[in-house]
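What follows is target26.cif (mmCIF, C-alpha atoms).
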data_query
loop_
_atom_site.label_atom_id
_atom_site.label_comp_id
_atom_site.auth_asym_id
_atom_site.auth_seq_id
_atom_site.Cartn_x
_atom_site.Cartn_y
_atom_site.Cartn_z
CA MET A 142 55.17 59.05 41.17
CA ASN A 143 57.28 56.37 39.53
CA LEU A 144 59.90 54.39 41.36
CA SER A 145 63.45 55.31 40.44
CA LEU A 146 66.97 54.21 41.36
CA GLU A 147 67.20 57.03 43.92
CA HIS A 148 64.35 55.59 46.04
CA TYR A 149 66.19 52.31 46.51
CA LEU A 150 69.55 54.00 47.11
CA VAL A 151 68.09 56.30 49.79
CA LEU A 152 66.42 53.31 51.49
CA SER A 153 69.74 51.47 51.44
CA ALA A 154 71.54 54.53 52.85
CA VAL A 155 69.01 54.81 55.71
CA LEU A 156 69.38 51.10 56.59
CA PHE A 157 73.19 51.37 56.42
CA SER A 158 73.22 54.38 58.77
CA ILE A 159 70.97 52.59 61.28
CA GLY A 160 73.39 49.66 61.23
CA LEU A 161 76.39 51.99 61.59
CA TYR A 162 74.83 53.66 64.64
CA GLY A 163 74.20 50.25 66.22
CA VAL A 164 77.75 49.02 65.55
CA LEU A 165 79.26 52.17 67.08
CA SER A 166 77.02 52.50 70.13
CA LYS A 167 75.98 49.03 71.36
CA ARG A 168 77.59 47.18 74.23
CA ASN A 169 76.31 43.65 73.53
CA ALA A 170 78.46 41.73 71.03
CA VAL A 171 75.47 39.84 69.57
CA VAL A 172 73.64 43.13 68.87
CA VAL A 173 76.75 44.47 67.12
CA LEU A 174 76.76 41.32 64.95
CA MET A 175 73.07 41.91 64.15
CA CYS A 176 73.79 45.52 63.13
CA ILE A 177 76.61 44.32 60.84
CA GLU A 178 74.07 42.04 59.13
CA ILE A 179 71.75 45.06 58.65
CA MET A 180 74.61 46.94 56.97
CA LEU A 181 75.34 43.98 54.63
CA ASN A 182 71.63 43.86 53.78
CA ALA A 183 71.63 47.57 52.89
CA VAL A 184 74.60 47.07 50.55
CA ASN A 185 72.77 44.13 48.92
CA ILE A 186 69.70 46.31 48.27
CA ALA A 187 71.90 48.97 46.63
CA LEU A 188 73.64 46.37 44.44
CA VAL A 189 70.37 44.78 43.28
CA ALA A 190 68.93 48.25 42.53
CA PHE A 191 71.98 49.11 40.40
CA SER A 192 71.66 45.76 38.64
CA ARG A 193 67.96 46.43 37.89
CA TYR A 194 68.29 50.04 36.68
CA VAL A 195 71.78 50.33 35.15
CA THR A 196 72.65 46.88 33.72
CA PRO A 197 69.34 44.95 33.61
CA LEU A 198 70.59 42.30 31.18
CA ALA A 199 74.13 41.66 32.47
CA MET A 200 73.01 41.16 36.14
CA THR A 201 76.51 41.56 37.57
CA GLY A 202 75.05 43.23 40.65
CA GLN A 203 72.94 40.18 41.46
CA VAL A 204 75.99 37.92 41.14
CA PHE A 205 77.84 40.18 43.57
CA THR A 206 74.87 40.01 45.94
CA LEU A 207 75.06 36.20 45.87
CA PHE A 208 78.73 36.32 46.86
CA ILE A 209 77.98 38.84 49.64
CA LEU A 210 75.30 36.42 50.92
CA ILE A 211 77.89 33.61 51.07
CA VAL A 212 80.47 35.79 52.83
CA ALA A 213 77.82 37.08 55.29
CA ALA A 214 76.80 33.52 56.18
CA ALA A 215 80.46 32.55 56.77
CA GLY A 216 81.02 35.72 58.78
CA ALA A 217 77.97 35.16 60.96
CA ALA A 218 79.01 31.55 61.69
CA VAL A 219 82.56 32.52 62.70
CA GLY A 220 81.34 35.60 64.61
CA VAL A 221 78.87 33.59 66.68
CA ALA A 222 81.57 30.99 67.36
CA ILE A 223 83.99 33.69 68.56
CA ILE A 224 81.32 35.26 70.78
CA ILE A 225 80.43 31.90 72.38
CA SER A 226 84.13 31.08 72.87
CA ILE A 227 84.80 34.44 74.57
CA PHE A 228 81.66 34.03 76.69
CA ARG A 229 82.99 30.68 77.87
CA ASN A 230 86.30 32.24 78.95
CA ARG A 231 85.05 35.49 80.48
CA SER A 232 81.33 34.77 81.12
CA SER A 233 80.42 38.12 79.55
CA ILE A 234 79.79 39.44 76.05
CA ASN A 235 80.05 43.08 77.05
CA LEU A 236 82.39 44.62 74.47
CA ASN A 237 83.85 46.95 77.14
CA ASP A 238 85.30 43.88 78.91
CA PHE A 239 87.13 42.58 75.85
CA ASN A 240 90.70 43.70 76.40
CA ILE A 241 92.39 40.35 75.75
CA LEU A 242 94.23 41.70 72.69
CA LYS A 243 95.52 44.75 74.59
CA TRP A 244 99.20 44.67 75.62
CA MET B 272 50.73 49.31 42.44
CA LEU B 273 54.48 48.65 42.65
CA GLU B 274 54.96 52.06 44.29
CA ILE B 275 52.51 51.25 47.09
CA ALA B 276 54.21 47.88 47.65
CA PHE B 277 57.62 49.56 47.73
CA TRP B 278 56.57 52.19 50.27
CA ILE B 279 54.90 49.66 52.59
CA ILE B 280 57.90 47.29 52.48
CA ALA B 281 60.40 50.15 52.88
CA ILE B 282 58.60 51.52 55.95
CA ILE B 283 58.42 48.03 57.50
CA GLY B 284 62.13 47.52 56.80
CA VAL B 285 63.24 50.84 58.32
CA VAL B 286 60.98 50.46 61.38
CA SER B 287 62.18 46.90 62.04
CA ALA B 288 65.83 47.98 61.62
CA LEU B 289 65.18 50.79 64.13
CA SER B 290 63.59 48.25 66.49
CA VAL B 291 66.90 46.34 66.53
CA ILE B 292 68.66 49.32 68.11
CA ILE B 293 65.72 50.57 70.22
CA PHE B 294 64.20 47.46 71.85
CA LYS B 295 65.45 46.77 75.37
CA ASP B 296 64.96 43.01 75.00
CA VAL B 297 67.71 41.43 72.88
CA PHE B 298 65.46 38.57 71.80
CA ARG B 299 62.83 41.00 70.45
CA ALA B 300 65.64 42.87 68.68
CA ALA B 301 66.58 39.59 66.96
CA LEU B 302 62.96 39.11 65.83
CA GLY B 303 63.02 42.68 64.45
CA LEU B 304 66.18 41.77 62.55
CA VAL B 305 64.39 38.77 60.99
CA LEU B 306 61.52 41.07 59.93
CA CYS B 307 64.11 43.43 58.37
CA PHE B 308 65.55 40.49 56.37
CA ILE B 309 62.06 39.51 55.15
CA SER B 310 61.33 43.10 54.04
CA ALA B 311 64.65 43.10 52.13
CA ALA B 312 63.39 40.01 50.30
CA GLY B 313 60.22 41.98 49.44
CA ILE B 314 62.38 44.82 48.10
CA TYR B 315 64.15 42.29 45.85
CA VAL B 316 60.76 41.18 44.50
CA THR B 317 59.93 44.79 43.54
CA LEU B 318 63.32 44.89 41.77
CA ASN B 319 62.52 41.81 39.59
CA ALA B 320 65.10 39.67 41.42
CA ASP B 321 62.97 36.62 42.23
CA TYR B 322 65.82 34.14 42.73
CA LEU B 323 67.63 36.47 45.14
CA ALA B 324 64.42 36.99 47.14
CA VAL B 325 64.08 33.24 47.69
CA VAL B 326 67.79 32.89 48.55
CA GLN B 327 67.51 35.84 50.94
CA ILE B 328 64.71 34.15 52.87
CA LEU B 329 66.55 30.79 52.86
CA ILE B 330 69.95 32.06 54.00
CA TYR B 331 69.26 35.21 56.03
CA VAL B 332 65.93 34.35 57.65
CA GLY B 333 66.56 30.61 57.83
CA ALA B 334 70.25 30.32 58.65
CA ILE B 335 71.57 33.61 60.04
CA GLY B 336 68.41 34.42 62.02
CA VAL B 337 68.44 31.04 63.75
CA LEU B 338 72.21 31.32 64.37
CA ILE B 339 71.82 34.71 66.06
CA ILE B 340 68.87 33.55 68.17
CA ILE B 341 70.93 30.53 69.30
CA ALA B 342 73.82 32.87 70.16
CA ILE B 343 71.45 34.99 72.28
CA MET B 344 70.18 31.89 74.09
CA LEU B 345 73.69 30.50 74.75
CA THR B 346 74.96 33.75 76.28
CA LYS B 347 73.39 34.94 79.50
CA GLU B 348 73.64 38.64 78.70
CA VAL B 349 69.93 38.72 77.74
CA GLN B 350 68.88 39.72 81.25
CA LEU B 351 71.02 42.85 81.06
CA GLY B 352 69.19 43.97 77.92
CA ASN B 353 70.22 45.91 74.86
CA LEU B 354 72.55 48.43 76.50
CA SER B 355 74.45 51.27 74.87
CA ASN B 356 77.99 52.35 75.67
CA LYS B 357 79.23 55.87 76.40
CA LEU B 358 79.46 56.78 72.73
CA ILE B 359 75.74 57.35 71.98
CA VAL B 360 76.07 61.03 71.04
CA PRO B 361 79.24 60.71 68.87
CA ALA B 362 77.83 57.58 67.21
CA PHE B 363 74.55 59.38 66.44
CA ILE B 364 76.40 62.41 65.04
CA VAL B 365 78.70 60.26 62.88
CA SER B 366 75.90 58.12 61.44
CA ALA B 367 73.60 61.13 60.84
CA ALA B 368 76.41 63.01 59.06
CA PHE B 369 77.20 59.88 57.03
CA LEU B 370 73.51 59.55 56.07
CA ALA B 371 73.34 63.23 55.07
CA VAL B 372 76.45 62.99 52.87
CA LEU B 373 75.22 59.76 51.30
CA VAL B 374 71.70 61.08 50.51
CA TYR B 375 73.13 64.36 49.15
CA SER B 376 75.55 62.57 46.82
CA ILE B 377 72.84 60.08 45.71
CA LEU B 378 70.45 62.90 44.79
CA GLN B 379 73.15 65.01 43.08
CA THR B 380 74.58 62.25 40.86
CA ALA B 381 73.17 61.70 37.36
CA TRP B 382 72.94 57.89 37.27
CA PRO B 383 73.26 56.24 33.83
CA VAL B 384 69.81 54.63 34.04
CA THR B 385 68.64 52.58 31.06
CA ASP B 386 65.05 51.91 29.98
CA ILE B 387 65.58 48.26 29.03
CA ALA B 388 62.99 46.04 30.71
CA PRO B 389 64.62 43.45 33.00
CA PRO B 390 63.98 39.75 32.30
CA GLU B 391 60.96 38.21 34.03
CA VAL B 392 62.81 35.09 35.29
CA THR B 393 66.33 35.69 36.54
CA ALA B 394 67.47 32.21 37.64
CA GLY B 395 68.55 31.09 34.15
CA THR B 396 70.47 34.27 33.39
CA LEU B 397 72.14 34.15 36.79
CA ALA B 398 73.22 30.55 36.22
CA GLU B 399 74.59 31.55 32.81
CA ARG B 400 76.56 34.38 34.43
CA LEU B 401 77.88 32.17 37.24
CA PHE B 402 78.78 28.95 35.44
CA GLY B 403 78.84 29.89 31.75
CA GLU B 404 81.62 31.06 29.44
CA ASN B 405 83.60 34.01 30.93
CA GLY B 406 81.57 33.62 34.09
CA PHE B 407 82.29 33.58 37.81
CA ILE B 408 83.15 29.88 38.08
CA LEU B 409 86.49 30.43 39.90
CA PRO B 410 85.02 32.82 42.55
CA MET B 411 82.23 30.28 43.03
CA GLN B 412 84.73 27.55 43.90
CA ILE B 413 86.67 29.93 46.15
CA ALA B 414 83.37 30.71 47.91
CA ALA B 415 82.87 26.99 48.50
CA MET B 416 86.34 26.80 50.05
CA LEU B 417 85.51 29.86 52.19
CA LEU B 418 82.35 28.20 53.49
CA LEU B 419 84.28 25.01 54.32
CA ALA B 420 86.96 27.03 56.13
CA ALA B 421 84.31 29.00 58.04
CA VAL B 422 82.48 25.85 59.17
CA LEU B 423 85.74 24.17 60.28
CA GLY B 424 86.84 27.35 62.08
CA ALA B 425 83.50 27.69 63.86
CA ILE B 426 83.64 24.06 65.03
CA THR B 427 87.23 24.45 66.29
CA LEU B 428 86.41 27.69 68.12
CA VAL B 429 83.33 26.35 69.90
CA LYS B 430 84.74 22.90 70.75
CA GLU B 431 85.37 22.26 74.44
CA LYS B 432 89.12 22.22 75.13
CA LYS B 433 90.34 19.16 77.02
CA GLU B 434 92.90 19.94 79.69
#
Serialized structure, C-alpha coordinates:
Amino acid sequence: MNLSLEHYLVLSAVLFSIGLYGVLSKRNAVVVLMCIEIMLNAVNIALVAFSRYVTPLAMTGQVFTLFILIVAAAGAAVGVAIIISIFRNRSSINLNDFNILKW
Amino acid sequence: MLEIAFWIIAIIGVVSALSVIIFKDVFRAALGLVLCFISAAGIYVTLNADYLAVVQILIYVGAIGVLIIIAIMLTKEVQLGNLSNKLIVPAFIVSAAFLAVLVYSILQTAWPVTDIAPPEVTAGTLAERLFGENGFILPMQIAAMLLLAAVLGAITLVKEKKE
(Lines of atoms letter the chains of each structure in order from A and count residues from 1; the text may use other names and numbers.)
(Lines give C-alpha, C1' and ligand atoms only; values in the text may rest on other atoms or scores of the structure.)
Protein backbone atom coordinates (compact mmCIF):
# COMPACT_ATOMS: atom_id res chain seq x y z
CA MET A 1 0.00 0.00 0.00
CA ASN A 2 1.53 3.27 -1.12
CA LEU A 3 1.32 6.45 0.89
CA SER A 4 -1.01 9.04 -0.56
CA LEU A 5 -2.16 12.57 0.26
CA GLU A 6 -5.25 11.17 2.00
CA HIS A 7 -3.17 9.39 4.68
CA TYR A 8 -1.56 12.64 5.77
CA LEU A 9 -4.82 14.59 5.61
CA VAL A 10 -6.65 12.02 7.75
CA LEU A 11 -3.80 12.06 10.29
CA SER A 12 -3.98 15.85 10.39
CA ALA A 13 -7.79 15.73 10.82
CA VAL A 14 -7.46 13.29 13.74
CA LEU A 15 -4.85 15.48 15.48
CA PHE A 16 -6.98 18.60 14.88
CA SER A 17 -10.07 16.94 16.40
CA ILE A 18 -8.12 15.83 19.48
CA GLY A 19 -6.95 19.42 19.93
CA LEU A 20 -10.49 20.74 19.40
CA TYR A 21 -11.85 18.39 22.08
CA GLY A 22 -9.16 19.56 24.51
CA VAL A 23 -9.80 23.25 23.84
CA LEU A 24 -13.55 22.83 24.38
CA SER A 25 -13.46 20.59 27.45
CA LYS A 26 -10.42 21.45 29.60
CA ARG A 27 -10.49 23.64 32.67
CA ASN A 28 -6.76 24.41 32.99
CA ALA A 29 -5.64 27.37 30.86
CA VAL A 30 -2.18 25.88 30.21
CA VAL A 31 -3.74 22.64 28.90
CA VAL A 32 -5.98 24.69 26.58
CA LEU A 33 -2.84 26.44 25.26
CA MET A 34 -1.22 23.03 24.70
CA CYS A 35 -4.26 21.82 22.75
CA ILE A 36 -4.14 24.96 20.57
CA GLU A 37 -0.52 24.06 19.74
CA ILE A 38 -1.67 20.54 18.75
CA MET A 39 -4.24 22.09 16.38
CA LEU A 40 -1.58 24.36 14.80
CA ASN A 41 0.65 21.30 14.36
CA ALA A 42 -2.15 19.42 12.58
CA VAL A 43 -2.65 22.33 10.17
CA ASN A 44 1.11 22.38 9.50
CA ILE A 45 1.08 18.66 8.62
CA ALA A 46 -1.79 19.23 6.17
CA LEU A 47 0.02 22.18 4.54
CA VAL A 48 3.29 20.27 4.13
CA ALA A 49 1.39 17.28 2.69
CA PHE A 50 -0.32 19.54 0.13
CA SER A 51 3.05 21.09 -0.70
CA ARG A 52 4.60 17.63 -1.24
CA TYR A 53 1.79 16.10 -3.34
CA VAL A 54 0.17 19.00 -5.22
CA THR A 55 2.92 21.60 -5.82
CA PRO A 56 6.22 19.79 -5.13
CA LEU A 57 8.39 22.36 -6.93
CA ALA A 58 6.75 25.65 -5.86
CA MET A 59 6.77 24.76 -2.10
CA THR A 60 4.27 27.48 -1.15
CA GLY A 61 2.85 25.20 1.54
CA GLN A 62 6.21 24.95 3.28
CA VAL A 63 6.58 28.75 3.24
CA PHE A 64 3.14 29.03 4.85
CA THR A 65 4.19 26.46 7.45
CA LEU A 66 7.22 28.61 8.32
CA PHE A 67 4.98 31.62 8.90
CA ILE A 68 2.58 29.54 11.01
CA LEU A 69 5.59 28.45 13.11
CA ILE A 70 6.52 32.11 13.71
CA VAL A 71 2.95 33.09 14.62
CA ALA A 72 2.62 30.03 16.91
CA ALA A 73 5.81 30.97 18.76
CA ALA A 74 4.57 34.56 19.22
CA GLY A 75 1.16 33.29 20.31
CA ALA A 76 2.62 30.88 22.84
CA ALA A 77 4.84 33.60 24.34
CA VAL A 78 1.96 36.08 24.74
CA GLY A 79 -0.43 33.34 25.93
CA VAL A 80 1.94 32.17 28.67
CA ALA A 81 2.50 35.80 29.71
CA ILE A 82 -1.27 36.40 29.96
CA ILE A 83 -1.76 33.19 31.96
CA ILE A 84 1.02 34.10 34.42
CA SER A 85 -0.34 37.65 34.75
CA ILE A 86 -3.87 36.40 35.49
CA PHE A 87 -2.48 33.83 37.93
CA ARG A 88 -0.74 36.64 39.77
CA ASN A 89 -3.99 38.60 40.11
CA ARG A 90 -6.40 35.77 40.89
CA SER A 91 -4.07 32.94 42.05
CA SER A 92 -5.93 30.50 39.79
CA ILE A 93 -5.77 29.44 36.15
CA ASN A 94 -9.14 27.73 36.18
CA LEU A 95 -10.92 29.05 33.09
CA ASN A 96 -14.28 28.96 34.93
CA ASP A 97 -12.98 31.69 37.27
CA PHE A 98 -12.05 34.09 34.47
CA ASN A 99 -14.95 36.52 34.38
CA ILE A 100 -12.90 39.74 34.42
CA LEU A 101 -14.15 40.75 30.97
CA LYS A 102 -17.80 40.18 31.91
CA TRP A 103 -19.90 43.30 32.57
CA MET B 1 9.90 1.22 4.07
CA LEU B 2 8.46 4.74 4.08
CA GLU B 3 5.00 3.30 4.76
CA ILE B 4 6.18 1.49 7.90
CA ALA B 5 7.91 4.66 9.12
CA PHE B 6 4.76 6.70 8.45
CA TRP B 7 2.49 4.31 10.34
CA ILE B 8 4.81 4.08 13.37
CA ILE B 9 5.24 7.88 13.57
CA ALA B 10 1.51 8.51 13.00
CA ILE B 11 0.51 6.10 15.79
CA ILE B 12 3.05 7.68 18.17
CA GLY B 13 1.74 11.15 17.27
CA VAL B 14 -1.94 10.30 17.80
CA VAL B 15 -1.27 8.41 21.06
CA SER B 16 0.85 11.25 22.46
CA ALA B 17 -1.80 13.83 21.44
CA LEU B 18 -4.41 11.68 23.23
CA SER B 19 -2.14 11.53 26.28
CA VAL B 20 -2.29 15.34 26.49
CA ILE B 21 -6.05 15.22 27.10
CA ILE B 22 -6.11 11.96 29.10
CA PHE B 23 -3.22 12.20 31.59
CA LYS B 24 -4.22 13.44 35.04
CA ASP B 25 -0.79 15.00 35.66
CA VAL B 26 -0.36 18.28 33.75
CA PHE B 27 3.42 17.89 33.64
CA ARG B 28 3.13 14.46 31.98
CA ALA B 29 0.62 15.96 29.54
CA ALA B 30 3.28 18.56 28.61
CA LEU B 31 5.82 15.78 27.98
CA GLY B 32 3.23 14.04 25.76
CA LEU B 33 2.86 17.31 23.86
CA VAL B 34 6.64 17.41 23.27
CA LEU B 35 6.50 13.82 21.95
CA CYS B 36 3.66 14.89 19.61
CA PHE B 37 5.85 17.74 18.27
CA ILE B 38 8.76 15.33 17.68
CA SER B 39 6.49 12.91 15.78
CA ALA B 40 5.28 15.83 13.63
CA ALA B 41 8.94 16.45 12.76
CA GLY B 42 9.18 12.77 11.74
CA ILE B 43 6.10 13.20 9.53
CA TYR B 44 7.85 16.14 7.82
CA VAL B 45 10.85 13.89 7.13
CA THR B 46 8.59 11.35 5.38
CA LEU B 47 7.22 14.28 3.32
CA ASN B 48 10.72 15.31 2.07
CA ALA B 49 10.67 18.53 4.11
CA ASP B 50 14.04 18.26 5.86
CA TYR B 51 14.47 21.96 6.69
CA LEU B 52 11.01 22.16 8.26
CA ALA B 53 11.70 19.06 10.36
CA VAL B 54 14.80 20.69 11.86
CA VAL B 55 12.95 23.99 12.42
CA GLN B 56 10.06 22.10 14.02
CA ILE B 57 12.37 20.50 16.57
CA LEU B 58 14.18 23.81 17.22
CA ILE B 59 11.09 25.99 17.68
CA TYR B 60 8.34 23.67 18.92
CA VAL B 61 10.33 21.19 21.01
CA GLY B 62 13.01 23.67 22.05
CA ALA B 63 11.14 26.92 22.56
CA ILE B 64 7.41 26.27 22.95
CA GLY B 65 7.86 23.05 24.96
CA VAL B 66 10.15 24.75 27.47
CA LEU B 67 7.82 27.79 27.64
CA ILE B 68 4.80 25.61 28.46
CA ILE B 69 6.71 23.59 31.07
CA ILE B 70 7.83 26.87 32.71
CA ALA B 71 4.21 28.07 32.68
CA ILE B 72 3.14 24.84 34.42
CA MET B 73 5.85 25.28 37.06
CA LEU B 74 5.00 28.96 37.70
CA THR B 75 1.30 28.28 38.25
CA LYS B 76 0.29 26.16 41.20
CA GLU B 77 -2.66 24.49 39.48
CA VAL B 78 -0.56 21.33 38.90
CA GLN B 79 -1.76 19.74 42.13
CA LEU B 80 -5.37 19.95 40.96
CA GLY B 81 -4.52 17.96 37.83
CA ASN B 82 -5.83 17.99 34.30
CA LEU B 83 -9.52 18.58 35.03
CA SER B 84 -12.38 18.80 32.57
CA ASN B 85 -15.29 21.22 32.73
CA LYS B 86 -19.00 20.41 32.44
CA LEU B 87 -18.90 20.32 28.65
CA ILE B 88 -17.26 16.89 28.15
CA VAL B 89 -20.18 15.30 26.29
CA PRO B 90 -20.99 18.28 23.97
CA ALA B 91 -17.27 18.79 23.29
CA PHE B 92 -16.86 15.10 22.41
CA ILE B 93 -19.91 15.16 20.13
CA VAL B 94 -18.76 18.35 18.37
CA SER B 95 -15.20 17.15 17.78
CA ALA B 96 -16.33 13.65 16.67
CA ALA B 97 -18.83 15.16 14.22
CA PHE B 98 -16.15 17.56 12.97
CA LEU B 99 -13.74 14.64 12.47
CA ALA B 100 -16.40 12.62 10.61
CA VAL B 101 -17.22 15.52 8.26
CA LEU B 102 -13.54 16.22 7.67
CA VAL B 103 -12.60 12.58 6.91
CA TYR B 104 -15.66 12.16 4.65
CA SER B 105 -14.82 15.27 2.61
CA ILE B 106 -11.11 14.31 2.43
CA LEU B 107 -11.95 10.85 1.07
CA GLN B 108 -14.61 12.14 -1.37
CA THR B 109 -12.51 14.90 -2.95
CA ALA B 110 -10.42 14.16 -6.06
CA TRP B 111 -7.16 15.95 -5.17
CA PRO B 112 -5.07 17.25 -8.11
CA VAL B 113 -2.04 15.14 -7.17
CA THR B 114 1.02 15.35 -9.42
CA ASP B 115 3.69 12.69 -9.95
CA ILE B 116 6.66 15.09 -10.01
CA ALA B 117 9.36 13.95 -7.59
CA PRO B 118 10.04 16.58 -4.90
CA PRO B 119 13.57 17.99 -4.58
CA GLU B 120 15.92 16.13 -2.24
CA VAL B 121 17.19 19.26 -0.43
CA THR B 122 14.57 21.90 0.29
CA ALA B 123 16.53 24.61 2.11
CA GLY B 124 17.82 26.29 -1.08
CA THR B 125 14.42 26.32 -2.79
CA LEU B 126 12.77 27.64 0.36
CA ALA B 127 15.31 30.46 0.61
CA GLU B 128 14.69 31.27 -3.06
CA ARG B 129 10.94 31.41 -2.40
CA LEU B 130 11.33 33.54 0.74
CA PHE B 131 13.97 36.07 -0.28
CA GLY B 132 14.14 35.81 -4.08
CA GLU B 133 12.36 37.69 -6.85
CA ASN B 134 8.54 37.77 -6.34
CA GLY B 135 9.07 36.08 -3.01
CA PHE B 136 7.77 36.53 0.51
CA ILE B 137 10.28 39.18 1.62
CA LEU B 138 7.63 41.65 2.91
CA PRO B 139 5.74 39.02 5.01
CA MET B 140 9.12 37.94 6.37
CA GLN B 141 9.84 41.45 7.65
CA ILE B 142 6.30 41.75 9.05
CA ALA B 143 6.90 38.45 10.86
CA ALA B 144 10.05 39.92 12.40
CA MET B 145 8.01 42.91 13.61
CA LEU B 146 5.38 40.50 14.99
CA LEU B 147 8.02 38.60 16.97
CA LEU B 148 9.41 41.86 18.37
CA ALA B 149 5.91 43.01 19.36
CA ALA B 150 5.16 39.63 20.96
CA VAL B 151 8.37 39.65 23.01
CA LEU B 152 7.78 43.25 24.19
CA GLY B 153 4.15 42.45 25.02
CA ALA B 154 5.12 39.33 26.97
CA ILE B 155 7.70 41.28 28.99
CA THR B 156 5.22 44.07 29.76
CA LEU B 157 2.52 41.60 30.80
CA VAL B 158 4.72 39.58 33.14
CA LYS B 159 6.59 42.53 34.69
CA GLU B 160 5.82 43.22 38.34
CA LYS B 161 3.75 46.40 38.66
CA LYS B 162 5.13 48.94 41.13
CA GLU B 163 2.47 50.59 43.27
*If the PyMOL selection byres ((chain A) within 7 of (chain B)) is run on the structure shown, which residues does it catch, given as JSON, numbers by chain?*
{"A": [143, 144, 147, 151, 152, 154, 155, 156, 158, 159, 161, 162, 163, 165, 166, 167, 168, 169, 171, 190, 193, 194, 195, 197, 198, 204, 211, 214, 215, 217, 218, 219, 221, 222, 223, 225, 226, 228, 233, 234]}
Deliver the residues from the most recent selection as a file, using C-alpha atoms, as a short mmCIF file (atom, residue, chain, number, x, y, z; two decimals), in the coordinates of the input.
data_model
loop_
_atom_site.label_atom_id
_atom_site.label_comp_id
_atom_site.auth_asym_id
_atom_site.auth_seq_id
_atom_site.Cartn_x
_atom_site.Cartn_y
_atom_site.Cartn_z
CA ASN A 143 57.28 56.37 39.53
CA LEU A 144 59.90 54.39 41.36
CA GLU A 147 67.20 57.03 43.92
CA VAL A 151 68.09 56.30 49.79
CA LEU A 152 66.42 53.31 51.49
CA ALA A 154 71.54 54.53 52.85
CA VAL A 155 69.01 54.81 55.71
CA LEU A 156 69.38 51.10 56.59
CA SER A 158 73.22 54.38 58.77
CA ILE A 159 70.97 52.59 61.28
CA LEU A 161 76.39 51.99 61.59
CA TYR A 162 74.83 53.66 64.64
CA GLY A 163 74.20 50.25 66.22
CA LEU A 165 79.26 52.17 67.08
CA SER A 166 77.02 52.50 70.13
CA LYS A 167 75.98 49.03 71.36
CA ARG A 168 77.59 47.18 74.23
CA ASN A 169 76.31 43.65 73.53
CA VAL A 171 75.47 39.84 69.57
CA ALA A 190 68.93 48.25 42.53
CA ARG A 193 67.96 46.43 37.89
CA TYR A 194 68.29 50.04 36.68
CA VAL A 195 71.78 50.33 35.15
CA PRO A 197 69.34 44.95 33.61
CA LEU A 198 70.59 42.30 31.18
CA VAL A 204 75.99 37.92 41.14
CA ILE A 211 77.89 33.61 51.07
CA ALA A 214 76.80 33.52 56.18
CA ALA A 215 80.46 32.55 56.77
CA ALA A 217 77.97 35.16 60.96
CA ALA A 218 79.01 31.55 61.69
CA VAL A 219 82.56 32.52 62.70
CA VAL A 221 78.87 33.59 66.68
CA ALA A 222 81.57 30.99 67.36
CA ILE A 223 83.99 33.69 68.56
CA ILE A 225 80.43 31.90 72.38
CA SER A 226 84.13 31.08 72.87
CA PHE A 228 81.66 34.03 76.69
CA SER A 233 80.42 38.12 79.55
CA ILE A 234 79.79 39.44 76.05
#
*In Å, how far is it from CA of Ile209 in chain A to CA of Asn185 in chain A?*
7.5 Å
*Would you work out the distance separating CA of Ala183 in chain A from CA of Tyr149 in chain A, expressed in Å to one decimal?*
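Here the two named atoms are 9.6 Å from each other.
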Hey, can I get the axis-aligned box for range 207-220 of chain A? All listed atoms, 3 Å padding on each side, centre and edge lengths in Å to one decimal, as lines of an AutoDock Vina configuration file.
center_x = 78.8
center_y = 35.2
center_z = 55.2
size_x = 13.5
size_y = 13.3
size_z = 24.7
*Would you kindly return, as a PyMOL selection string, each protein, DNA or RNA residue with an atom no farther than 8 Å from any atom of Gly220 in chain A, considering all atoms listed in the file and excluding same-chain residues fewer than 4 positions away?*
chain A and resi 174+216+224
*Provide the CA of Ile177 in chain A to CA of Gly160 in chain A distance in Å, to one decimal place.*
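Distance reported for this atom pair: 6.2 Å.
Shortest atom-to-atom contact with Val316 in chain B among B:Ile283, B:Ile413, B:Val337, B:Val392: B:Val392, counting all atoms listed in the file.
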*With distances taken over all atoms listed in the file, which of A:Leu242, A:Leu188, A:Met200, A:Leu207 is nearest to Leu146 in chain A?*
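For Leu146 in chain A, the nearest of the candidates is A:Leu188.
Compared by their closest atoms to Ala394 in chain B, and using all atoms listed in the file, the residues A:Ser192, A:Asn230, A:Asn182, A:Gln203 rank with A:Gln203 nearest.
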_Residue among A:His148, A:Thr206, A:Thr201, A:Val173 lying closest to Asn235 in chain A, counting all atoms listed in the file_ =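 Under the stated criterion, the closest residue is A:Val173.
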